[in-house]
Amino acid sequence: MDLSRYLEERRLLVEQALEDLLPPVQRPPQRLNAAIRHSLMGGGKRLRPILVLAAAEAVGGQTSPLLPFACAMECIHTYSLIHDDLPAMDDDDLRRGRPTCHKAFDEATAILAGDALLTFAFELAVRPVAGVDPAIQMTVVAQLASDAGIHGMVGGQMMDMEAENRLLSLPELQNVHIHKTGALIRSAILAGARLGGGSPEGTRALKRYGEAFGLAFQITDDILDEVGDSLVMGKTAGNDRKRNKASYCSLLGVAQAREEAASMVREALEALAPFSSAADPLRGLVRMLLDRTH
Ligand code: GRG
């Protein structure tokens, strides 16, 4: 399959859906709506919404009814980036190739834009989905809340902050990443599997794929932070080293970190073994991580 074409088509679908779902920028409070659009509509790979759609496809489900849910994933992810870039956290000036939200607007507006995106995500996630039993959707939304919050991404962000200037063991580092980055990625894949009508075995296999994908994604993110180009990435490289943060590269070195990422990609591909060619986009997506430049 032509993965680049698939990704481009899906990215455009997601961006059109975001455009249709977001409040228009002219609607008050205009500054808040402008800040939301600055961060949400300013680039990004749209990986998490694409994973929702690709997981649904893999289990033979429909994708267009899932677009609002897929957009909810992107809203949560973008809120986390806005808040992560704030002076109180990573204090970054560049995101998705543009000034970060608090630089383009101001800190208070950036905090509110993040808050608004997080809550708007749940407005989208609970929209009835054609063909999906509301009881199943309820379990998916509850899982999303857990994966985005204390038990997942927010909890992981706290662990990450507490780990600064500390020497972590590899299992400790993995635990941070499973929560901070992996939980939302796995949630996107599981949501697609469940809302797409996956069988219990199919959903379990995709959960295993999602866990391996999340780790492979984070390891390649650490490698990019170490060796990547800020201009290509659209965000500042070298942050981990600057902040004295443990990373796969600081613990293992770049070469072994690459080996570890390749091993996670193999694990993800093995989890997909029972699936037909309907899972080819998922296969392509995880293989692509090894060649990431942004
Ligand atoms: C502030 C609650 C809160 C959480 C922040 C996601 C996160 C937790 C922080 C972002 C910092 C970071 C660089 C994490 C590593 C992995 C990651 C999420 C990278 C960015 O995701 P991409 O590459 O970005 O999918 P795009 O811009 O393509 O959407």
# chains A, B, ... in the order shown; residues from 1 in each chain; ligands from 1

call {"tool": "closest_atom_pairs", "arguments": {"of": "chain A", "to": "ligand 1", "cutoff": "6 Å", "atoms": "only C-alpha atoms and all ligand atoms", "output": "tab-separated table"}}
result
residue	atom	partner	partner_atom_place_in_ligand_line	distance
A:Gly44	CA	ligand 1	28 (O)	3.6
A:Lys45	CA	ligand 1	28 (O)	3.8
A:Arg46	CA	ligand 1	29 (O)	5.5
A:Leu47	CA	ligand 1	25 (O)	5.6
A:Ser80	CA	ligand 1	3 (C)	4.2
A:Leu81	CA	ligand 1	10 (C)	5.1
A:His83	CA	ligand 1	1 (C)	4.5
A:Asp84	CA	ligand 1	1 (C)	4.1
A:Arg96	CA	ligand 1	27 (O)	5.3
A:Met153	CA	ligand 1	4 (C)	5.7
A:Val154	CA	ligand 1	2 (C)	4.3
A:Gln157	CA	ligand 1	4 (C)	5.1
A:Lys180	CA	ligand 1	8 (C)	5.4
A:Thr181	CA	ligand 1	18 (C)	5.4
A:Gln218	CA	ligand 1	16 (C)	5.7

call {"tool": "write_last_selection", "arguments": {"atoms": "N, CA, C and O atoms", "output": "compact mmCIF listing (two decimals), in the first residue's frame"}}
result
# COMPACT_ATOMS: atom_id res chain seq x y z
N GLY A 44 1.22 19.41 12.59
CA GLY A 44 1.04 18.20 13.40
C GLY A 44 0.75 17.03 12.49
O GLY A 44 0.11 17.19 11.44
N LYS A 45 1.21 15.86 12.90
CA LYS A 45 1.07 14.67 12.04
C LYS A 45 -0.33 14.07 12.10
O LYS A 45 -0.68 13.24 11.29
N ARG A 46 -1.11 14.45 13.14
CA ARG A 46 -2.47 13.89 13.34
C ARG A 46 -2.42 12.39 13.57
O ARG A 46 -3.30 11.63 13.14
N LEU A 47 -1.33 11.96 14.23
CA LEU A 47 -1.10 10.54 14.41
C LEU A 47 -2.21 9.85 15.22
O LEU A 47 -2.69 8.77 14.85
N SER A 80 -2.28 18.98 25.61
CA SER A 80 -1.10 18.55 26.39
C SER A 80 0.16 19.25 25.88
O SER A 80 1.04 19.60 26.67
N LEU A 81 0.23 19.48 24.59
CA LEU A 81 1.41 20.18 24.04
C LEU A 81 1.42 21.64 24.50
O LEU A 81 2.46 22.18 24.89
N HIS A 83 0.11 22.96 27.20
CA HIS A 83 0.47 23.07 28.62
C HIS A 83 1.92 22.65 28.85
O HIS A 83 2.63 23.26 29.66
N ASP A 84 2.38 21.64 28.12
CA ASP A 84 3.77 21.19 28.28
C ASP A 84 4.76 22.29 27.89
O ASP A 84 5.86 22.36 28.43
N ARG A 96 5.37 22.77 16.42
CA ARG A 96 4.79 22.58 15.09
C ARG A 96 5.25 23.69 14.14
O ARG A 96 4.46 24.20 13.33
N MET A 153 -1.73 10.01 30.99
CA MET A 153 -0.84 11.07 30.53
C MET A 153 -0.47 12.11 31.61
O MET A 153 0.70 12.43 31.78
N VAL A 154 -1.49 12.61 32.33
CA VAL A 154 -1.17 13.64 33.34
C VAL A 154 -0.31 13.04 34.45
O VAL A 154 0.68 13.64 34.90
N GLN A 157 3.15 12.78 33.16
CA GLN A 157 3.82 14.08 33.09
C GLN A 157 4.37 14.45 34.48
O GLN A 157 5.47 14.97 34.61
N LYS A 180 3.07 8.75 30.21
CA LYS A 180 3.07 10.10 29.62
C LYS A 180 2.68 10.08 28.13
O LYS A 180 1.88 10.90 27.69
N THR A 181 3.26 9.19 27.37
CA THR A 181 3.03 9.20 25.92
C THR A 181 2.22 7.99 25.47
O THR A 181 1.37 8.09 24.60
N GLN A 218 7.95 6.64 21.66
CA GLN A 218 8.70 7.44 22.62
C GLN A 218 10.21 7.27 22.45
O GLN A 218 10.97 8.22 22.56

call {"tool": "residues_around", "arguments": {"residues": "stretch 132-147 of chain A", "least_positions_apart": "5", "cutoff": "9 Å", "atoms": "only C-alpha atoms", "output": "PyMOL selection string"}}
result
chain A and resi 73+122+125-126+152-154+179+182-184+186-188+190-191+194-197

call {"tool": "closest_residue", "arguments": {"among": "A:Arg258, A:Arg266, A:His151, A:Arg10", "to": "A:Arg208", "atoms": "only C-alpha atoms"}}
result
A:Arg266

call {"tool": "select_by_dssp", "arguments": {"residues": "stretch 133-210 of chain A", "states": "alpha helix (DSSP H)", "output": "number ranges by chain"}}
result
A: 134-148, 153-162, 170-177, 183-195, 200-210

call {"tool": "closest_residue", "arguments": {"among": "A:Leu272, A:Ala35, A:Leu117, A:Leu282", "to": "A:Glu201", "atoms": "only C-alpha atoms"}}
result
A:Leu272

call {"tool": "closest_residue", "arguments": {"among": "A:Gly43, A:Ala110, A:Ile50, A:Leu18", "to": "A:Cys75", "atoms": "only C-alpha atoms"}}
result
A:Leu18

call {"tool": "residues_around", "arguments": {"residues": "stretch 86-88 of chain A", "least_positions_apart": "6", "cutoff": "12 Å", "atoms": "only C-alpha atoms", "output": "number ranges by chain"}}
result
A: 79-80, 94-95, 99-114, 161

call {"tool": "write_last_selection", "arguments": {"atoms": "C-alpha atoms", "output": "compact mmCIF listing (two decimals), in the first residue's frame"}}
result
# COMPACT_ATOMS: atom_id res chain seq x y z
CA TYR A 79 -3.94 20.64 24.93
CA SER A 80 -1.10 18.55 26.39
CA LEU A 94 8.61 26.59 19.15
CA ARG A 95 5.94 23.98 18.43
CA PRO A 99 5.64 30.12 18.18
CA THR A 100 4.13 28.19 21.09
CA CYS A 101 0.67 29.28 22.23
CA HIS A 102 1.89 31.34 25.20
CA LYS A 103 4.44 33.11 22.96
CA ALA A 104 1.89 33.90 20.24
CA PHE A 105 -0.73 34.95 22.81
CA ASP A 106 0.06 35.02 26.55
CA GLU A 107 0.32 32.50 29.37
CA ALA A 108 -3.20 32.92 30.72
CA THR A 109 -4.71 32.52 27.25
CA ALA A 110 -2.57 29.42 26.62
CA ILE A 111 -3.74 27.84 29.87
CA LEU A 112 -7.36 28.53 28.92
CA ALA A 113 -6.86 27.28 25.34
CA GLY A 114 -5.53 24.00 26.78
CA MET A 161 8.78 16.26 36.18

call {"tool": "residues_around", "arguments": {"residues": "A:Asn165", "least_positions_apart": "5", "cutoff": "12 Å", "atoms": "only C-alpha atoms", "output": "PyMOL selection string"}}
result
chain A and resi 160+240-247

call {"tool": "decode", "arguments": {"residues": "stretch 165-198 of chain A", "atoms": "N, CA, C and O atoms", "output": "PDB file, in the first residue's frame"}}
result
ATOM      1  N   ASN A 165      16.682  15.597  36.810  1.00  0.00           N
ATOM      2  CA  ASN A 165      17.915  15.575  37.609  1.00  0.00           C
ATOM      3  C   ASN A 165      18.085  14.310  38.446  1.00  0.00           C
ATOM      4  O   ASN A 165      18.863  14.298  39.386  1.00  0.00           O
ATOM      5  N   ARG A 166      17.276  13.274  38.135  1.00  0.00           N
ATOM      6  CA  ARG A 166      17.452  11.992  38.851  1.00  0.00           C
ATOM      7  C   ARG A 166      17.917  10.952  37.850  1.00  0.00           C
ATOM      8  O   ARG A 166      17.515  10.974  36.678  1.00  0.00           O
ATOM      9  N   LEU A 167      18.716  10.018  38.339  1.00  0.00           N
ATOM     10  CA  LEU A 167      19.158   8.944  37.468  1.00  0.00           C
ATOM     11  C   LEU A 167      18.090   7.858  37.508  1.00  0.00           C
ATOM     12  O   LEU A 167      17.826   7.293  38.576  1.00  0.00           O
ATOM     13  N   LEU A 168      17.413   7.602  36.393  1.00  0.00           N
ATOM     14  CA  LEU A 168      16.361   6.586  36.390  1.00  0.00           C
ATOM     15  C   LEU A 168      16.910   5.273  35.857  1.00  0.00           C
ATOM     16  O   LEU A 168      17.806   5.262  35.016  1.00  0.00           O
ATOM     17  N   SER A 169      16.320   4.167  36.325  1.00  0.00           N
ATOM     18  CA  SER A 169      16.653   2.870  35.720  1.00  0.00           C
ATOM     19  C   SER A 169      15.810   2.750  34.451  1.00  0.00           C
ATOM     20  O   SER A 169      14.821   3.487  34.274  1.00  0.00           O
ATOM     21  N   LEU A 170      16.150   1.782  33.600  1.00  0.00           N
ATOM     22  CA  LEU A 170      15.377   1.618  32.365  1.00  0.00           C
ATOM     23  C   LEU A 170      13.898   1.306  32.659  1.00  0.00           C
ATOM     24  O   LEU A 170      13.011   1.920  32.058  1.00  0.00           O
ATOM     25  N   PRO A 171      13.598   0.374  33.607  1.00  0.00           N
ATOM     26  CA  PRO A 171      12.170   0.134  33.892  1.00  0.00           C
ATOM     27  C   PRO A 171      11.446   1.376  34.409  1.00  0.00           C
ATOM     28  O   PRO A 171      10.283   1.608  34.086  1.00  0.00           O
ATOM     29  N   GLU A 172      12.150   2.207  35.198  1.00  0.00           N
ATOM     30  CA  GLU A 172      11.506   3.446  35.692  1.00  0.00           C
ATOM     31  C   GLU A 172      11.202   4.392  34.533  1.00  0.00           C
ATOM     32  O   GLU A 172      10.127   4.987  34.465  1.00  0.00           O
ATOM     33  N   LEU A 173      12.166   4.507  33.621  1.00  0.00           N
ATOM     34  CA  LEU A 173      11.968   5.385  32.458  1.00  0.00           C
ATOM     35  C   LEU A 173      10.801   4.870  31.612  1.00  0.00           C
ATOM     36  O   LEU A 173       9.934   5.644  31.171  1.00  0.00           O
ATOM     37  N   GLN A 174      10.776   3.548  31.420  1.00  0.00           N
ATOM     38  CA  GLN A 174       9.687   2.961  30.625  1.00  0.00           C
ATOM     39  C   GLN A 174       8.338   3.262  31.263  1.00  0.00           C
ATOM     40  O   GLN A 174       7.369   3.572  30.589  1.00  0.00           O
ATOM     41  N   ASN A 175       8.299   3.183  32.601  1.00  0.00           N
ATOM     42  CA  ASN A 175       7.036   3.424  33.299  1.00  0.00           C
ATOM     43  C   ASN A 175       6.553   4.867  33.075  1.00  0.00           C
ATOM     44  O   ASN A 175       5.368   5.100  32.842  1.00  0.00           O
ATOM     45  N   VAL A 176       7.497   5.819  33.103  1.00  0.00           N
ATOM     46  CA  VAL A 176       7.127   7.214  32.829  1.00  0.00           C
ATOM     47  C   VAL A 176       6.509   7.297  31.434  1.00  0.00           C
ATOM     48  O   VAL A 176       5.440   7.876  31.231  1.00  0.00           O
ATOM     49  N   HIS A 177       7.181   6.683  30.452  1.00  0.00           N
ATOM     50  CA  HIS A 177       6.736   6.829  29.067  1.00  0.00           C
ATOM     51  C   HIS A 177       5.448   6.079  28.781  1.00  0.00           C
ATOM     52  O   HIS A 177       4.629   6.537  27.983  1.00  0.00           O
ATOM     53  N   ILE A 178       5.278   4.930  29.431  1.00  0.00           N
ATOM     54  CA  ILE A 178       4.031   4.176  29.230  1.00  0.00           C
ATOM     55  C   ILE A 178       2.852   5.079  29.613  1.00  0.00           C
ATOM     56  O   ILE A 178       1.813   5.074  28.978  1.00  0.00           O
ATOM     57  N   HIS A 179       3.051   5.888  30.668  1.00  0.00           N
ATOM     58  CA  HIS A 179       1.975   6.777  31.116  1.00  0.00           C
ATOM     59  C   HIS A 179       1.930   8.064  30.294  1.00  0.00           C
ATOM     60  O   HIS A 179       0.898   8.431  29.750  1.00  0.00           O
ATOM     61  N   LYS A 180       3.070   8.746  30.206  1.00  0.00           N
ATOM     62  CA  LYS A 180       3.066  10.097  29.619  1.00  0.00           C
ATOM     63  C   LYS A 180       2.683  10.085  28.131  1.00  0.00           C
ATOM     64  O   LYS A 180       1.875  10.896  27.691  1.00  0.00           O
ATOM     65  N   THR A 181       3.258   9.193  27.369  1.00  0.00           N
ATOM     66  CA  THR A 181       3.028   9.197  25.921  1.00  0.00           C
ATOM     67  C   THR A 181       2.219   7.994  25.467  1.00  0.00           C
ATOM     68  O   THR A 181       1.367   8.087  24.595  1.00  0.00           O
ATOM     69  N   GLY A 182       2.527   6.829  26.076  1.00  0.00           N
ATOM     70  CA  GLY A 182       1.933   5.571  25.590  1.00  0.00           C
ATOM     71  C   GLY A 182       0.436   5.485  25.839  1.00  0.00           C
ATOM     72  O   GLY A 182      -0.308   4.959  25.003  1.00  0.00           O
ATOM     73  N   ALA A 183      -0.021   6.005  26.984  1.00  0.00           N
ATOM     74  CA  ALA A 183      -1.425   5.801  27.359  1.00  0.00           C
ATOM     75  C   ALA A 183      -2.384   6.391  26.322  1.00  0.00           C
ATOM     76  O   ALA A 183      -3.374   5.751  25.946  1.00  0.00           O
ATOM     77  N   LEU A 184      -2.087   7.601  25.834  1.00  0.00           N
ATOM     78  CA  LEU A 184      -3.016   8.234  24.878  1.00  0.00           C
ATOM     79  C   LEU A 184      -2.959   7.526  23.519  1.00  0.00           C
ATOM     80  O   LEU A 184      -3.987   7.372  22.849  1.00  0.00           O
ATOM     81  N   ILE A 185      -1.774   7.087  23.147  1.00  0.00           N
ATOM     82  CA  ILE A 185      -1.633   6.380  21.864  1.00  0.00           C
ATOM     83  C   ILE A 185      -2.395   5.046  21.941  1.00  0.00           C
ATOM     84  O   ILE A 185      -3.177   4.706  21.048  1.00  0.00           O
ATOM     85  N   ARG A 186      -2.187   4.313  23.023  1.00  0.00           N
ATOM     86  CA  ARG A 186      -2.898   3.034  23.180  1.00  0.00           C
ATOM     87  C   ARG A 186      -4.413   3.279  23.224  1.00  0.00           C
ATOM     88  O   ARG A 186      -5.209   2.537  22.655  1.00  0.00           O
ATOM     89  N   SER A 187      -4.819   4.361  23.900  1.00  0.00           N
ATOM     90  CA  SER A 187      -6.240   4.684  24.007  1.00  0.00           C
ATOM     91  C   SER A 187      -6.854   4.916  22.630  1.00  0.00           C
ATOM     92  O   SER A 187      -7.979   4.481  22.354  1.00  0.00           O
ATOM     93  N   ALA A 188      -6.098   5.615  21.758  1.00  0.00           N
ATOM     94  CA  ALA A 188      -6.599   5.893  20.404  1.00  0.00           C
ATOM     95  C   ALA A 188      -6.828   4.576  19.659  1.00  0.00           C
ATOM     96  O   ALA A 188      -7.873   4.376  19.013  1.00  0.00           O
ATOM     97  N   ILE A 189      -5.881   3.660  19.782  1.00  0.00           N
ATOM     98  CA  ILE A 189      -5.972   2.393  19.043  1.00  0.00           C
ATOM     99  C   ILE A 189      -7.101   1.521  19.609  1.00  0.00           C
ATOM    100  O   ILE A 189      -7.906   0.956  18.871  1.00  0.00           O
ATOM    101  N   LEU A 190      -7.170   1.463  20.943  1.00  0.00           N
ATOM    102  CA  LEU A 190      -8.238   0.667  21.576  1.00  0.00           C
ATOM    103  C   LEU A 190      -9.616   1.229  21.247  1.00  0.00           C
ATOM    104  O   LEU A 190     -10.569   0.479  20.996  1.00  0.00           O
ATOM    105  N   ALA A 191      -9.720   2.563  21.230  1.00  0.00           N
ATOM    106  CA  ALA A 191     -11.005   3.198  20.914  1.00  0.00           C
ATOM    107  C   ALA A 191     -11.429   2.825  19.500  1.00  0.00           C
ATOM    108  O   ALA A 191     -12.582   2.448  19.255  1.00  0.00           O
ATOM    109  N   GLY A 192     -10.477   2.901  18.563  1.00  0.00           N
ATOM    110  CA  GLY A 192     -10.797   2.545  17.183  1.00  0.00           C
ATOM    111  C   GLY A 192     -11.254   1.094  17.095  1.00  0.00           C
ATOM    112  O   GLY A 192     -12.227   0.778  16.399  1.00  0.00           O
ATOM    113  N   ALA A 193     -10.563   0.215  17.819  1.00  0.00           N
ATOM    114  CA  ALA A 193     -10.912  -1.215  17.778  1.00  0.00           C
ATOM    115  C   ALA A 193     -12.317  -1.438  18.340  1.00  0.00           C
ATOM    116  O   ALA A 193     -13.135  -2.152  17.758  1.00  0.00           O
ATOM    117  N   ARG A 194     -12.608  -0.799  19.470  1.00  0.00           N
ATOM    118  CA  ARG A 194     -13.914  -1.038  20.113  1.00  0.00           C
ATOM    119  C   ARG A 194     -15.049  -0.370  19.348  1.00  0.00           C
ATOM    120  O   ARG A 194     -16.097  -0.976  19.115  1.00  0.00           O
ATOM    121  N   LEU A 195     -14.841   0.896  18.961  1.00  0.00           N
ATOM    122  CA  LEU A 195     -15.914   1.607  18.244  1.00  0.00           C
ATOM    123  C   LEU A 195     -16.096   1.025  16.840  1.00  0.00           C
ATOM    124  O   LEU A 195     -17.169   1.116  16.255  1.00  0.00           O
ATOM    125  N   GLY A 196     -15.043   0.397  16.321  1.00  0.00           N
ATOM    126  CA  GLY A 196     -15.129  -0.235  14.995  1.00  0.00           C
ATOM    127  C   GLY A 196     -15.751  -1.624  15.050  1.00  0.00           C
ATOM    128  O   GLY A 196     -15.859  -2.280  14.020  1.00  0.00           O
ATOM    129  N   GLY A 197     -16.113  -2.075  16.257  1.00  0.00           N
ATOM    130  CA  GLY A 197     -16.803  -3.365  16.385  1.00  0.00           C
ATOM    131  C   GLY A 197     -15.864  -4.564  16.447  1.00  0.00           C
ATOM    132  O   GLY A 197     -16.254  -5.688  16.098  1.00  0.00           O
ATOM    133  N   GLY A 198     -14.639  -4.369  16.922  1.00  0.00           N
ATOM    134  CA  GLY A 198     -13.670  -5.472  17.016  1.00  0.00           C
ATOM    135  C   GLY A 198     -14.103  -6.559  17.990  1.00  0.00           C
ATOM    136  O   GLY A 198     -14.773  -6.285  18.982  1.00  0.00           O
TER     137      GLY A 198
END
